[in-house]
Amino acid sequence: MEEFLLRLQESDFGVWVSSAPTIFAYPTILMLHTVGLAMIVGPAWVLDVRLLGYGARLPVEALRGAFRIMWIGFFINASTGIALFISEADDKGLKWIFWVKLLTIAVALVVTTRLRRTVFGSGVASDVATPKARNLAKASLFLWLGAITAGRLMAYIK
Amino acid sequence: MFLSFASWLHKTPISLVFQNQVAWLWPTCETLHFAGLALLLGVAGMFDLRLLGFMKRVPISVVKDFMPWALVGFTLNLMTGMIFVISQPAQYFGNPTWWVKVGFLIVAGANAFIFETAYGRRAAAIPVGEDTPTPLKIIAGVSLISWLGVLVAGRFLPFVGAGIGAGL
């Protein structure tokens with residue numbers, strides 16, 4: 001395992017990402033990872049607080065487009081995340097907090113797709129969230145906060 | 001001038017308190033700073049998209065109901081940001097990229113002020129389904145670009161123009 005991680009990190013691509021003397025390598029990839037974060041978590045939280053009853057004048061149906069922004073954000077973050085991982089595979093891959101982050105994101109994705117099916121799956125979305133939709137919204141709120149927290153702690157926990 | 005202010009600030013009791021707490025304070029504030037940016041950009045971005053002509057069936061005033069959440073995100077980031085600056089003033093005052101970030105913040109703030117004072121009432125009166133006038137689209141575009149600028153400059157802080165590469 002560790003040998004594989006080391007080979008990833010020392011691959012031409014891994015070395016380019018981590019140490020190419022240009023702003024377009026590590027700094028830009030890391031910046032795009034933050035842009036993607038905002039595109040995923042921002043719309044997710046707007047939808048979550050709306051489903052929990054805040055801003056009730058807004059028809060839930062109007063937020064159907066949020067998923068398109070979230071998927072673009074997710075595509076950006078999966079790609080930049082893989083690049084960032086390769087560049088520091090031997091470090092990040094051995095940290096438990098990194099696997100907590102991935103697990104949190106995996107669960108958040110399951111919750112998000114279930115929330116989409118529950119709220120938008122059958123015709124026009126209802127303006128009053130069912131208890132199931134509310135529970136999924138609460139889970140989404142905390143899971144994305146958890147993913148951000150775990151991601152940040154990767155820079156601190158050995 | 002700013003650097004002598006920075007070295008004075010660095011020795012103030014409040015800065016020393018933050019510096020001595022740094023083991024847990026810094027990562028906690030960073031986490032809140034990222035959560036705050038997602039909240040701010042999520043809500044402000046939705047409002048900007050409405051002004052650009054998306055979600056036309058929803059009155060602008062209804063989308064504005066969510067603005068308190070953007071303010072929560074902004075306040076969170078202003079507070080945590082001030083903790084960063086008070087803890088390590090020279091790291092920020094001495095970094096041109098930080099001034100670029102402050103510049104984008106001023107543009108975003110002035111833009112929001114112009115919207116509120118000059119266009120707020122007009123925007124609220126736009127009938128549902130009607131196209132938004134060009135000035136509102138410009139304001140929305142400036143808002144999106146300037147908040148994105150704040151984010152990009154903020155993320156580039158440790159890499160561009162940084163004397164001290166801390167807080168990666």
# chains A, B, ... in the order shown; residues from 1 in each chain; ligands from 1
>>> closest_atom_pairs(of="stretch 35-94 of chain A", to="stretch 72-79 of chain B", cutoff="12 Å", atoms="only C-alpha atoms", output="tab-separated table")
residue	atom	partner	partner_atom	distance
A:Ala38	CA	B:Gly73	CA	11.9
A:Gly42	CA	B:Gly73	CA	10.4
A:Trp45	CA	B:Gly73	CA	11.5
>>> closest_atom_pairs(of="chain A", to="chain B", cutoff="6 Å", atoms="only C-alpha atoms", output="Markdown table")
| residue | atom | partner | partner_atom | distance |
| --- | --- | --- | --- | --- |
| A:Met31 | CA | B:Arg155 | CA | 5.6 |
| A:Ala38 | CA | B:Ala38 | CA | 4.4 |
| A:Val41 | CA | B:Ala38 | CA | 5.8 |
| A:Gly42 | CA | B:Gly42 | CA | 3.6 |
| A:Pro43 | CA | B:Gly42 | CA | 5.2 |
| A:Gly55 | CA | B:Asp65 | CA | 5.6 |
| A:Leu58 | CA | B:Val62 | CA | 5.9 |
| A:Thr149 | CA | B:Thr31 | CA | 5.5 |
| A:Arg152 | CA | B:Thr31 | CA | 6.0 |
>>> residues_around(residues="stretch 6-20 of chain B", least_positions_apart="4", cutoff="10 Å", atoms="only C-alpha atoms", output="PyMOL selection string")
chain B and resi 1-2+24-26+83-94
>>> residues_around(residues="A:Trp71", least_positions_apart="5", cutoff="10 Å", atoms="only C-alpha atoms", output="PyMOL selection string")
chain A and resi 36+39-40+66+76-77
>>> write_last_selection(atoms="C-alpha atoms", output="compact mmCIF listing (two decimals), in the first residue's frame")
# COMPACT_ATOMS: atom_id res chain seq x y z
CA GLY A 36 -16.02 23.56 -6.03
CA MET A 39 -20.62 25.23 -5.51
CA ILE A 40 -21.53 22.04 -3.66
CA ALA A 66 -29.36 23.74 -7.42
CA ILE A 76 -14.49 20.03 -10.12
CA ASN A 77 -13.75 18.72 -6.63
>>> residues_around(residues="A:Asp90", least_positions_apart="5", cutoff="8 Å", atoms="only C-alpha atoms", output="PyMOL selection string")
chain A and resi 2+5-6+8-9
>>> select_by_dssp(residues="stretch 17-112 of chain A", states="alpha helix (DSSP H)", output="ChimeraX atom specification")
/A:17-19,26-51,66-87,89-92,96-112
